[in-house]
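> Below are the structure tokens for one structure; questions will follow.
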Amino acid sequence: MTRGRPRKVADQIQRELSEVIRRELQDPRLALVTITAVDAAPDLSHAVVYFTCLERAQAEAAEQALGRAAGFLRSSLARRIKMYTTPQLRFKYDASVERGAHLSQLIDSVRPKD
């Protein structure tokens, strides 16, 4: 986990990317995409953007769409966040929400009924 300025910049990137994707991108593959986290390098040269979709089947198409839009998203970030250099963006599907739901389901199936 990063600390200090990289963490603050990562949080700002997450907010701004969520807004740009919601308002400016017209790709239907990104309609139900949520940015869950951003992990920025200590020197802010690159950032890994984690996202999730409503359905797992949409994840691969959404990842391709985000990859194709990475240049546009980076230039939008450059206009919105004043920094010396804007980080390169890489997108990865975040399966933690899916795993959490599965674990919750397993716990509920083992717990005795009242």
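Lettering and numbering for the structure tokens are positional, with chains as A, B, ... in the shown order, residues counted from 1 in each chain, and ligands counted from 1 in the shown order.
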Find the spatial neighbours of Val49 of chain A, counting only C-alpha atoms, within a cut-off of 6 Å - ignore same-chain residues fewer than 5 positions away - and output them as a PyMOL selection string.
chain A and resi 38+90-91
> May I have the residues within 10 Å of Ile21 of chain A as a list in words, using only C-alpha atoms and disregarding those fewer than 2 positions away in the same chain?
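Contacts, with the query itself left out: Glu16, Leu17, Ser18, Glu19, Arg23, Glu24, Leu25, Gln26, Asp27, Leu30, Ala31, Leu32, Val33, Thr34, Ile35, Leu66, Ala69 and Leu73 of chain A.
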> Pick out each residue of chain A that DSSP on the backbone tags as alpha helix (DSSP H); I need them as a ChimeraX atom specification.
/A:5-23,59-68,70-80,96-110
> Take the residues just selected and output them with C-alpha atoms as a PDB file, in the first residue's frame.

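What ended up in again14.pdb:
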ATOM      1  CA  ARG A   5       1.353  11.846  -2.067  1.00  0.00           C
ATOM      2  CA  PRO A   6       1.037   8.750  -4.319  1.00  0.00           C
ATOM      3  CA  ARG A   7      -2.003   7.625  -2.299  1.00  0.00           C
ATOM      4  CA  LYS A   8      -3.623  11.071  -2.547  1.00  0.00           C
ATOM      5  CA  VAL A   9      -2.948  11.240  -6.283  1.00  0.00           C
ATOM      6  CA  ALA A  10      -4.330   7.702  -6.724  1.00  0.00           C
ATOM      7  CA  ASP A  11      -7.522   8.683  -4.910  1.00  0.00           C
ATOM      8  CA  GLN A  12      -7.875  11.771  -7.108  1.00  0.00           C
ATOM      9  CA  ILE A  13      -7.265   9.683 -10.241  1.00  0.00           C
ATOM     10  CA  GLN A  14      -9.987   7.260  -9.139  1.00  0.00           C
ATOM     11  CA  ARG A  15     -12.517  10.082  -8.693  1.00  0.00           C
ATOM     12  CA  GLU A  16     -11.640  11.790 -11.960  1.00  0.00           C
ATOM     13  CA  LEU A  17     -11.594   8.585 -14.031  1.00  0.00           C
ATOM     14  CA  SER A  18     -14.977   7.564 -12.660  1.00  0.00           C
ATOM     15  CA  GLU A  19     -16.370  10.918 -13.726  1.00  0.00           C
ATOM     16  CA  VAL A  20     -14.783  10.862 -17.193  1.00  0.00           C
ATOM     17  CA  ILE A  21     -15.966   7.308 -17.888  1.00  0.00           C
ATOM     18  CA  ARG A  22     -19.472   8.139 -16.749  1.00  0.00           C
ATOM     19  CA  ARG A  23     -19.835  11.449 -18.587  1.00  0.00           C
ATOM     20  CA  ALA A  59     -15.098  -7.900 -17.777  1.00  0.00           C
ATOM     21  CA  GLU A  60     -12.981  -8.858 -20.786  1.00  0.00           C
ATOM     22  CA  ALA A  61     -14.855  -6.546 -23.170  1.00  0.00           C
ATOM     23  CA  ALA A  62     -14.670  -3.728 -20.620  1.00  0.00           C
ATOM     24  CA  GLU A  63     -10.930  -4.261 -20.144  1.00  0.00           C
ATOM     25  CA  GLN A  64     -10.396  -4.049 -23.909  1.00  0.00           C
ATOM     26  CA  ALA A  65     -12.530  -0.899 -24.122  1.00  0.00           C
ATOM     27  CA  LEU A  66     -10.622   0.736 -21.262  1.00  0.00           C
ATOM     28  CA  GLY A  67      -7.306  -0.234 -22.852  1.00  0.00           C
ATOM     29  CA  ARG A  68      -8.346   1.366 -26.139  1.00  0.00           C
ATOM     30  CA  ALA A  70      -6.369   4.750 -22.138  1.00  0.00           C
ATOM     31  CA  GLY A  71      -4.877   7.595 -24.186  1.00  0.00           C
ATOM     32  CA  PHE A  72      -8.083   9.616 -24.061  1.00  0.00           C
ATOM     33  CA  LEU A  73      -8.460   8.946 -20.328  1.00  0.00           C
ATOM     34  CA  ARG A  74      -4.862   9.967 -19.671  1.00  0.00           C
ATOM     35  CA  SER A  75      -5.254  13.229 -21.605  1.00  0.00           C
ATOM     36  CA  SER A  76      -8.507  13.931 -19.746  1.00  0.00           C
ATOM     37  CA  LEU A  77      -6.675  13.376 -16.453  1.00  0.00           C
ATOM     38  CA  ALA A  78      -3.926  15.755 -17.568  1.00  0.00           C
ATOM     39  CA  ARG A  79      -6.518  18.485 -18.080  1.00  0.00           C
ATOM     40  CA  ARG A  80      -8.265  17.806 -14.777  1.00  0.00           C
ATOM     41  CA  SER A  96     -12.412  -8.965  -4.895  1.00  0.00           C
ATOM     42  CA  VAL A  97     -16.112  -8.023  -4.944  1.00  0.00           C
ATOM     43  CA  GLU A  98     -16.913 -11.325  -6.627  1.00  0.00           C
ATOM     44  CA  ARG A  99     -14.788 -13.263  -4.109  1.00  0.00           C
ATOM     45  CA  GLY A 100     -16.432 -11.436  -1.203  1.00  0.00           C
ATOM     46  CA  ALA A 101     -19.905 -12.335  -2.430  1.00  0.00           C
ATOM     47  CA  HIS A 102     -18.853 -15.961  -2.854  1.00  0.00           C
ATOM     48  CA  LEU A 103     -17.388 -16.117   0.664  1.00  0.00           C
ATOM     49  CA  SER A 104     -20.542 -14.563   2.094  1.00  0.00           C
ATOM     50  CA  GLN A 105     -22.610 -17.172   0.281  1.00  0.00           C
ATOM     51  CA  LEU A 106     -20.415 -19.970   1.684  1.00  0.00           C
ATOM     52  CA  ILE A 107     -20.747 -18.629   5.226  1.00  0.00           C
ATOM     53  CA  ASP A 108     -24.514 -18.364   4.873  1.00  0.00           C
ATOM     54  CA  SER A 109     -24.724 -21.965   3.620  1.00  0.00           C
ATOM     55  CA  VAL A 110     -22.793 -23.300   6.640  1.00  0.00           C
TER      56      VAL A 110
END
> Go ahead and compute the interatomic distance for atom CA of Leu44 of chain A and atom CA of Tyr93 of chain A, in Å to one decimal.
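Interatomic distance here is 20.8 Å.
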> Using DSSP on the backbone, list every residue of chain A that comes out as strand (DSSP E), and give them as a ChimeraX atom specification.
/A:33-40,46-53,88-93
> Nearest to Gly4 of chain A: which of A:Met83, A:Ala40, A:Leu89, A:Ala47 is it, counting only C-alpha atoms?
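Closest candidate: A:Ala40.
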> Report the distance between atom CA of Ala57 of chain A and atom CA of Pro87 of chain A in Å, rounded to one decimal place.
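Taking atom CA of Ala57 of chain A as the start and atom CA of Pro87 of chain A as the end point, the length is 28.6 Å.
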> How many Å separate atom CA of Ser45 of chain A from atom CA of Gln88 of chain A?
6.3 Å
> Given the choices A:Lys82, A:His46, A:Arg56, A:Arg111, which gets closest to Ala95 of chain A if the distance is worked out from only C-alpha atoms?
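Of all the options, A:Arg56 lies closest to Ala95 of chain A.
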